[in-house]
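Shown below: input-v7.txt, with compact mmCIF, C-alpha atoms.
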```
# COMPACT_ATOMS: atom_id res chain seq x y z
CA MET A 1 72.02 58.70 100.91
CA THR A 2 72.37 56.51 97.87
CA LEU A 3 75.68 55.48 96.35
CA THR A 4 74.98 57.64 93.29
CA GLN A 5 74.38 60.69 95.50
CA LYS A 6 77.67 60.08 97.26
CA ARG A 7 79.45 59.80 93.93
CA MET A 8 77.87 63.04 92.71
CA ILE A 9 79.03 64.87 95.84
CA LEU A 10 82.53 63.47 95.37
CA LEU A 11 82.44 64.56 91.70
CA LEU A 12 81.50 68.08 92.76
CA ALA A 13 84.33 68.13 95.30
CA VAL A 14 86.81 66.95 92.66
CA MET A 15 85.65 69.72 90.30
CA VAL A 16 85.97 72.44 92.95
CA ILE A 17 89.42 71.25 94.01
CA ALA A 18 90.57 70.96 90.38
CA PHE A 19 89.30 74.47 89.65
CA ILE A 20 91.22 75.90 92.62
CA LEU A 21 94.34 73.93 91.69
CA GLY A 22 94.06 75.24 88.12
CA ARG A 23 94.01 78.80 89.35
CA LEU A 24 96.88 78.16 91.73
CA ALA A 25 98.90 76.51 88.98
CA MET A 26 98.39 79.51 86.74
CA ARG A 27 99.34 81.84 89.56
CA ALA A 28 102.49 79.81 90.21
CA PHE A 29 103.39 79.96 86.53
CA MET A 30 102.86 83.73 86.38
CA ASN A 31 104.89 84.14 89.58
CA PHE A 32 107.67 82.09 88.00
CA LEU A 33 107.78 84.49 85.08
CA LEU A 34 107.11 87.78 86.83
CA GLY A 35 107.60 87.27 90.55
CA GLY A 36 104.99 87.08 93.28
CA THR A 37 103.82 85.01 96.20
CA LEU A 38 101.74 81.84 95.86
CA PHE A 39 99.38 82.89 98.65
CA GLY A 40 98.12 86.23 99.88
CA GLY A 41 96.53 89.09 97.99
CA ASN A 42 93.60 87.99 95.91
CA PHE A 43 94.14 84.32 96.69
CA LEU A 44 91.76 83.13 94.02
CA MET B 1 83.00 54.46 84.54
CA TRP B 2 82.96 56.74 87.58
CA ALA B 3 86.76 56.70 87.72
CA PHE B 4 86.94 58.05 84.15
CA LEU B 5 84.29 60.61 85.03
CA TYR B 6 86.33 61.82 88.01
CA ILE B 7 89.49 62.10 85.92
CA GLY B 8 87.66 63.89 83.11
CA ALA B 9 85.94 66.27 85.52
CA PHE B 10 89.26 67.02 87.21
CA LEU B 11 91.01 67.82 83.92
CA VAL B 12 88.18 69.98 82.61
CA SER B 13 87.81 71.87 85.90
CA PHE B 14 91.59 72.32 86.11
CA GLY B 15 91.56 73.81 82.62
CA ILE B 16 88.66 76.09 83.47
CA GLY B 17 90.57 77.19 86.58
CA ILE B 18 93.58 78.12 84.45
CA ALA B 19 91.43 79.90 81.88
CA SER B 20 89.54 81.82 84.56
CA LYS B 21 92.82 83.14 85.93
CA MET B 22 93.70 84.47 82.49
CA MET B 23 90.43 86.39 82.13
CA PRO B 24 90.52 90.18 82.53
CA ARG B 25 89.63 91.36 86.02
CA PRO B 26 85.90 92.15 86.27
CA TRP B 27 86.56 95.74 87.38
CA ALA B 28 88.87 96.38 84.42
CA LYS B 29 85.84 97.16 82.26
CA ASP B 30 85.44 100.37 84.25
CA PHE B 31 88.68 101.53 82.65
CA THR B 32 87.84 100.70 79.05
CA VAL B 33 85.42 102.17 76.57
CA ASP B 34 83.40 100.87 73.64
CA TRP B 35 85.25 102.75 70.97
CA ASP B 36 83.41 104.15 67.96
CA ASP B 37 83.15 107.42 66.05
CA SER B 38 80.95 108.92 68.74
CA VAL B 39 83.87 108.62 71.18
CA GLY B 40 86.79 109.64 69.01
CA VAL B 41 88.95 108.97 65.99
CA MET B 42 92.24 107.07 65.76
CA TYR B 43 95.07 108.07 63.42
CA ARG B 44 97.65 105.33 62.95
CA ASP B 45 101.37 105.29 62.19
CA ILE B 46 102.16 108.97 61.90
CA SER B 47 105.88 109.51 61.41
CA TYR B 48 107.97 111.67 63.70
CA GLY B 49 111.52 110.76 62.73
CA SER B 50 113.77 109.04 60.26
CA ALA B 51 113.80 105.53 61.80
CA ASP B 52 111.21 102.97 60.70
CA SER B 53 109.90 102.71 64.26
CA ASN B 54 109.57 106.46 64.73
CA THR B 55 105.80 106.46 64.48
CA PHE B 56 102.92 107.28 66.76
CA ASP B 57 99.17 106.76 66.95
CA LEU B 58 96.98 109.69 67.83
CA TYR B 59 93.52 109.45 69.37
CA VAL B 60 91.36 112.56 69.31
CA PRO B 61 88.00 112.96 71.04
CA ALA B 62 84.85 113.36 68.97
CA ASP B 63 84.14 116.66 70.69
CA ASN B 64 86.45 119.07 68.88
CA SER B 65 84.75 122.23 70.12
CA LYS B 66 87.15 123.07 72.91
CA GLU B 67 89.73 125.79 72.61
CA THR B 68 92.53 123.66 74.04
CA TYR B 69 93.12 120.07 75.06
CA GLY B 70 95.37 118.17 77.39
CA LEU B 71 97.57 115.48 75.85
CA VAL B 72 98.12 112.12 77.53
CA VAL B 73 101.01 110.05 76.17
CA TYR B 74 101.25 106.37 77.11
CA LEU B 75 104.48 104.53 76.27
CA HIS B 76 104.39 100.79 75.74
CA ALA B 77 106.10 98.09 77.78
CA GLY B 78 108.41 95.36 76.49
CA GLY B 79 111.76 95.50 78.25
CA PHE B 80 113.11 98.04 75.72
CA THR B 81 113.39 95.16 73.25
CA SER B 82 109.81 94.40 72.24
CA GLY B 83 106.27 95.74 72.35
CA ASP B 84 104.27 98.16 70.24
CA LYS B 85 102.07 101.20 70.70
CA THR B 86 99.04 99.15 69.69
CA ASP B 87 99.47 97.08 72.88
CA ASP B 88 97.93 100.00 74.77
CA THR B 89 95.04 100.73 72.43
CA GLU B 90 92.43 100.10 75.15
CA MET B 91 94.16 102.38 77.62
CA LEU B 92 94.59 105.15 75.04
CA GLN B 93 90.97 104.87 73.92
CA TRP B 94 89.76 105.01 77.51
CA LEU B 95 91.81 108.11 78.27
CA CYS B 96 90.64 109.72 75.03
CA SER B 97 87.02 109.01 75.99
CA LYS B 98 87.56 111.23 79.01
CA GLY B 99 88.25 114.21 76.75
CA TYR B 100 92.01 114.10 76.23
CA VAL B 101 94.02 113.83 73.06
CA THR B 102 96.08 110.68 73.57
CA ALA B 103 99.13 109.24 71.88
CA GLY B 104 101.00 105.95 71.83
CA ILE B 105 104.54 106.39 70.59
CA ASN B 106 106.88 103.73 69.22
CA TYR B 107 110.61 103.95 69.75
CA THR B 108 113.49 101.98 68.26
CA LEU B 109 113.75 98.66 70.08
CA ARG B 110 117.07 97.10 70.95
CA ASP B 111 117.35 93.99 68.81
CA GLU B 112 119.75 92.33 66.38
CA SER B 113 118.99 94.96 63.76
CA HIS B 114 119.55 97.81 66.23
CA PRO B 115 122.38 96.72 68.54
CA GLU B 116 123.37 100.33 69.15
CA THR B 117 120.01 101.21 70.69
CA SER B 118 119.97 102.02 74.39
CA VAL B 119 117.50 103.37 76.93
CA SER B 120 119.29 106.66 76.48
CA SER B 121 118.71 106.77 72.72
CA GLN B 122 115.11 105.63 73.18
CA SER B 123 114.48 108.42 75.66
CA MET B 124 115.88 110.93 73.18
CA GLU B 125 113.51 109.63 70.50
CA ILE B 126 110.58 110.18 72.86
CA LYS B 127 111.81 113.68 73.55
CA GLU B 128 112.12 114.38 69.82
CA SER B 129 108.67 112.96 69.10
CA MET B 130 106.74 115.36 71.30
CA PRO B 131 106.76 118.44 69.01
CA ALA B 132 105.56 116.22 66.14
CA VAL B 133 102.75 114.74 68.24
CA ILE B 134 101.56 118.17 69.31
CA ALA B 135 101.87 119.57 65.77
CA GLU B 136 99.81 116.69 64.38
CA ALA B 137 97.09 117.31 66.95
CA GLU B 138 97.10 121.00 66.02
CA LYS B 139 96.77 120.03 62.35
CA LEU B 140 93.66 118.05 63.20
CA GLY B 141 92.18 121.02 65.03
CA TYR B 142 93.12 120.08 68.59
CA SER B 143 95.29 122.69 70.24
CA ILE B 144 97.41 121.17 73.00
CA ASP B 145 98.37 123.37 75.97
CA GLU B 146 99.49 120.82 78.60
CA MET B 147 100.40 117.17 78.85
CA THR B 148 100.75 114.08 81.00
CA ILE B 149 103.17 111.29 80.20
CA SER B 150 102.79 107.71 81.32
CA GLY B 151 103.69 104.15 80.54
CA GLY B 152 104.17 100.60 81.68
CA SER B 153 107.49 98.99 82.60
CA ALA B 154 110.03 100.16 79.99
CA GLY B 155 107.48 102.75 78.93
CA HIS B 156 107.18 103.94 82.52
CA CYS B 157 110.97 104.32 82.68
CA LEU B 158 110.93 106.45 79.52
CA ALA B 159 107.91 108.43 80.76
CA MET B 160 109.68 109.28 84.02
CA LEU B 161 112.79 110.34 82.12
CA TYR B 162 110.73 112.71 80.00
CA ALA B 163 108.81 114.07 83.00
CA TYR B 164 111.81 114.49 85.30
CA ARG B 165 114.66 115.16 82.86
CA ASP B 166 113.08 116.76 79.81
CA ALA B 167 110.04 118.61 81.16
CA ASP B 168 111.90 121.93 81.01
CA THR B 169 112.26 121.64 77.25
CA SER B 170 108.79 120.21 76.59
CA PRO B 171 106.72 122.18 74.03
CA VAL B 172 103.88 122.30 76.60
CA PRO B 173 103.97 122.05 80.40
CA VAL B 174 104.14 118.52 81.81
CA ARG B 175 101.55 118.30 84.58
CA MET B 176 102.16 114.80 85.95
CA VAL B 177 103.50 111.33 85.26
CA PHE B 178 101.95 107.97 86.00
CA GLY B 179 103.03 104.44 85.39
CA ALA B 180 103.78 101.01 86.71
CA VAL B 181 106.89 98.90 87.29
CA GLY B 182 109.33 101.16 85.47
CA PRO B 183 112.99 101.15 86.56
CA SER B 184 114.07 104.55 87.84
CA SER B 185 117.64 103.87 88.96
CA PHE B 186 120.33 101.25 88.52
CA TYR B 187 122.12 100.52 91.77
CA PRO B 188 123.14 96.85 91.84
CA GLU B 189 122.04 96.42 95.45
CA ASP B 190 118.45 97.20 94.37
CA TRP B 191 118.52 94.60 91.62
CA GLY B 192 118.47 91.40 93.63
CA CYS B 193 116.17 89.91 90.99
CA TYR B 194 119.29 89.34 88.86
CA GLY B 195 121.61 88.56 91.75
CA PHE B 196 123.39 91.90 91.38
CA ASP B 197 123.06 92.47 95.13
CA GLN B 198 125.53 89.70 95.95
CA ASN B 199 128.47 92.09 95.77
CA THR B 200 130.84 89.57 94.22
CA ALA B 201 133.25 90.24 91.37
CA GLU B 202 131.00 88.21 89.09
CA SER B 203 127.80 90.04 90.09
CA LYS B 204 129.52 93.41 89.68
CA GLU B 205 130.69 92.47 86.19
CA ALA B 206 127.20 91.33 85.27
CA ALA B 207 125.59 94.52 86.63
CA ALA B 208 128.13 96.72 84.85
CA GLY B 209 127.50 94.81 81.63
CA LEU B 210 123.70 95.08 81.71
CA PHE B 211 123.53 98.66 82.94
CA GLY B 212 126.21 99.71 80.46
CA VAL B 213 124.13 98.33 77.60
CA MET B 214 121.05 100.12 78.95
CA ALA B 215 122.91 103.41 79.27
CA GLY B 216 124.69 102.98 75.94
CA LYS B 217 128.02 103.62 77.66
CA GLU B 218 131.06 101.71 78.79
CA ILE B 219 130.47 100.90 82.46
CA THR B 220 133.10 98.96 84.37
CA ALA B 221 132.70 97.10 87.65
CA ASP B 222 135.15 99.53 89.25
CA MET B 223 132.79 102.42 88.59
CA LEU B 224 129.93 100.96 90.65
CA GLY B 225 129.29 102.97 93.81
CA THR B 226 131.32 105.97 92.68
CA PRO B 227 130.17 109.45 91.62
CA ALA B 228 131.43 108.58 88.13
CA TYR B 229 128.84 105.80 88.00
CA ASP B 230 126.01 108.19 88.92
CA GLU B 231 127.22 110.61 86.29
CA ALA B 232 127.38 107.89 83.64
CA MET B 233 123.91 106.57 84.50
CA LYS B 234 122.19 109.91 85.01
CA ASP B 235 120.82 110.04 81.45
CA ILE B 236 118.64 106.99 82.13
CA SER B 237 118.06 107.33 85.89
CA ALA B 238 114.86 109.26 86.54
CA LEU B 239 115.69 109.18 90.26
CA LEU B 240 118.73 111.41 89.73
CA TRP B 241 116.56 114.16 88.21
CA VAL B 242 114.12 114.44 91.11
CA ASP B 243 114.08 117.89 92.68
CA ASP B 244 111.61 120.29 94.28
CA ASP B 245 110.09 121.05 90.85
CA THR B 246 109.44 117.45 89.90
CA VAL B 247 105.90 116.91 88.64
CA PRO B 248 103.30 114.94 90.64
CA SER B 249 103.88 111.25 90.22
CA LEU B 250 101.67 108.20 90.51
CA MET B 251 103.39 104.83 90.47
CA ALA B 252 102.66 101.18 91.21
CA TYR B 253 105.18 98.41 91.84
CA GLY B 254 105.13 94.73 92.70
CA LYS B 255 107.21 93.85 95.74
CA TYR B 256 108.40 90.56 94.23
CA ASP B 257 109.27 91.96 90.82
CA LYS B 258 111.63 89.58 88.98
CA VAL B 259 112.12 91.80 85.96
CA GLN B 260 113.30 95.09 87.45
CA GLY B 261 114.67 96.02 90.86
CA PHE B 262 111.90 96.73 93.34
CA GLY B 263 114.44 98.46 95.60
CA ALA B 264 114.80 101.22 93.01
CA SER B 265 111.15 102.17 93.54
CA VAL B 266 111.70 102.44 97.30
CA ARG B 267 114.56 104.82 96.57
CA LEU B 268 112.35 106.84 94.22
CA ASP B 269 109.57 107.07 96.79
CA GLU B 270 112.08 108.36 99.35
CA ALA B 271 113.43 110.97 96.92
CA LEU B 272 109.96 112.21 96.00
CA THR B 273 109.06 112.42 99.70
CA ALA B 274 112.30 114.26 100.53
CA HIS B 275 111.54 116.87 97.87
CA ASN B 276 107.88 117.19 98.87
CA VAL B 277 106.72 116.10 95.44
CA PRO B 278 103.04 115.13 95.47
CA HIS B 279 103.01 111.45 94.72
CA ASP B 280 101.36 108.12 95.38
CA TYR B 281 103.48 105.00 95.68
CA ILE B 282 101.30 101.91 95.48
CA VAL B 283 103.05 98.71 96.47
CA LEU B 284 101.46 95.41 95.54
CA GLU B 285 102.68 93.27 98.39
CA HIS B 286 102.14 89.85 96.78
CA SER B 287 102.78 90.65 93.13
CA GLY B 288 105.60 90.78 90.66
CA HIS B 289 106.15 92.67 87.44
CA GLY B 290 102.62 91.94 86.23
CA LEU B 291 100.92 93.41 89.33
CA GLN B 292 98.96 90.18 89.09
CA ASN B 293 98.19 89.08 92.66
CA ASP B 294 96.72 92.15 94.35
CA ASP B 295 93.47 93.14 92.71
CA LYS B 296 92.56 95.72 95.31
CA GLU B 297 95.77 97.71 94.83
CA ALA B 298 95.77 97.21 91.05
CA ARG B 299 92.29 98.68 90.96
CA LEU B 300 93.37 101.49 93.26
CA TYR B 301 96.13 102.36 90.80
CA SER B 302 93.60 102.65 87.96
CA GLN B 303 91.30 104.75 90.14
CA LYS B 304 94.22 106.99 91.09
CA ILE B 305 94.96 107.63 87.41
CA GLU B 306 91.52 109.21 87.10
CA GLU B 307 91.96 111.07 90.37
CA TYR B 308 95.38 112.45 89.36
CA LEU B 309 94.14 113.53 85.93
CA ASP B 310 91.14 115.26 87.49
CA ARG B 311 93.39 117.04 89.95
CA TYR B 312 96.43 117.96 87.90
CA MET B 313 95.13 118.10 84.32
CA PRO B 314 91.33 118.36 84.43
CA VAL B 315 89.42 118.32 81.16
CA LYS B 316 88.41 121.87 80.30
```
Target encoding structure tokens, full file:
Amino acid sequence: MTLTQKRMILLLAVMVIAFILGRLAMRAFMNFLLGGTLFGGNFL
Amino acid sequence: MWAFLYIGAFLVSFGIGIASKMMPRPWAKDFTVDWDDSVGVMYRDISYGSADSNTFDLYVPADNSKETYGLVVYLHAGGFTSGDKTDDTEMLQWLCSKGYVTAGINYTLRDESHPETSVSSQSMEIKESMPAVIAEAEKLGYSIDEMTISGGSAGHCLAMLYAYRDADTSPVPVRMVFGAVGPSSFYPEDWGCYGFDQNTAESKEAAAGLFGVMAGKEITADMLGTPAYDEAMKDISALLWVDDDTVPSLMAYGKYDKVQGFGASVRLDEALTAHNVPHDYIVLEHSGHGLQNDDKEARLYSQKIEEYLDRYMPVK
């Protein structure tokens, strides 16, 4: 595996994690306003 | 360069994640309709009373060939202080597309211009609006012979009051009520979301203050827990009107509601069960006032609306 391939895989991982964190952050914000749990239910 | 790329990708993906959470749920399209003249016609801002906000929107189906129609009223949310009938346009259009005459009704909101407004006075406006809504439908050639009332949050509270308290005086029979996250009673122990369950002098004062404003009456901390309190709050407590004749009820609540007391809905469920009233009580175990974290149950609630209408007020 070349260095560029490794970097691309890492980039993909960063994007997936950031996407999930974005959804979680929004859920946390909505929970702050309206109530709700951070986990459980439709997690994503 | 790669470091900047990682940071940029993180920020963009984070933003997309936030935006994706704000998108409507994919299944929600099953409960909307592409509205045009082939579906129905909307009539905006018809007056029913003397106040500026005493207006309603009426949606009538394109098929005007039936002898009689069922009316579905949906009352808007907004904590009794904000919101508008146009907030529920999609819902009203969808219900109209099923063959009902539908109406969204505005009521006077409690604000700086209307400090005397209470849940009690708002519920009376809704009661007074109904003959005008039905008369307007008649004028357009749609004879109404039965109705359902519904709403979200504050609108659900007002809908339950009409269905449980005022159904006897309704111009047409009320067949059922449905709604989400509407307060149905005002016992401080149920309202932990505001700390009213702490049973301290301060919490009692705060509860008496808020609930007094909502009822439009002087409520003192001493009254809490006494029959006098129930009597004073009865006008705005749908729970206290539940009896064996109460109409079928569909309701959905979020267990972690921070806006209204979830415990009140437990009490309502128990009362409806005790009086053998057909009802469905959908609890969203991970959600708050927005029913935002439990898609499966939120979808079930929408499906149940159709099921209830088909059962208790089928289109002729």
### Check: which chain A residues lie within 6 Å of chain B using all atoms listed in the file, as a count of residues only
13
As AutoDock Vina command-line options: centre and edge lengths in Å, one decimal, of the axis-aligned box holding region 22-40 of chain A with 3 Å per side:
```
--center_x 100.9 --center_y 81.5 --center_z 92.5 --size_x 19.8 --size_y 18.5 --size_z 20.8
```
Considering only C-alpha atoms, return as a PDB file with C-alpha atoms, in the frame of the given file whatever protein or nucleic-acid residues lie within 8 Å of Leu239 (chain B), sequence-local ones (same chain, fewer than 2 positions apart) excluded.
```
ATOM      1  CA  SER B 184     114.070 104.550  87.840  1.00  0.00           C
ATOM      2  CA  SER B 185     117.640 103.870  88.960  1.00  0.00           C
ATOM      3  CA  SER B 237     118.060 107.330  85.890  1.00  0.00           C
ATOM      4  CA  TRP B 241     116.560 114.160  88.210  1.00  0.00           C
ATOM      5  CA  VAL B 242     114.120 114.440  91.110  1.00  0.00           C
ATOM      6  CA  ARG B 267     114.560 104.820  96.570  1.00  0.00           C
ATOM      7  CA  LEU B 268     112.350 106.840  94.220  1.00  0.00           C
ATOM      8  CA  ALA B 271     113.430 110.970  96.920  1.00  0.00           C
TER       9      ALA B 271
END
```
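Between CA of Gly40 (chain A) and CA of Gln303 (chain B) lies a distance of 22.0 Å.
With only C-alpha atoms as the basis for measurement, B:Ser97 is the residue among B:Ser97, B:Leu250, B:Ile149, B:Leu75 that approaches Asp34 (chain B) most closely.
CA of Phe262 (chain B) is found 17.3 Å from CA of Met30 (chain A).
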### Task
For CA of Met8 (chain A) and CA of Arg27 (chain A), determine how far apart the two atoms are, in Å to one decimal place.
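Atom-to-atom, CA of Met8 (chain A) and CA of Arg27 (chain A) are spaced 28.7 Å apart.
For the set B:Tyr194, B:Tyr69, B:Tyr187, B:Tyr312, the residue with the smallest atom-to-atom gap to Val172 (chain B) is B:Tyr69, counting only C-alpha atoms.
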### Query
Counting only C-alpha atoms, what is within 9 Å of Met91 (chain B), bar same-chain residues fewer than 5 positions away, as a list in words?
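The residues that qualify are Phe31, Thr32, Val33, Tyr74 and Cys96 of chain B.
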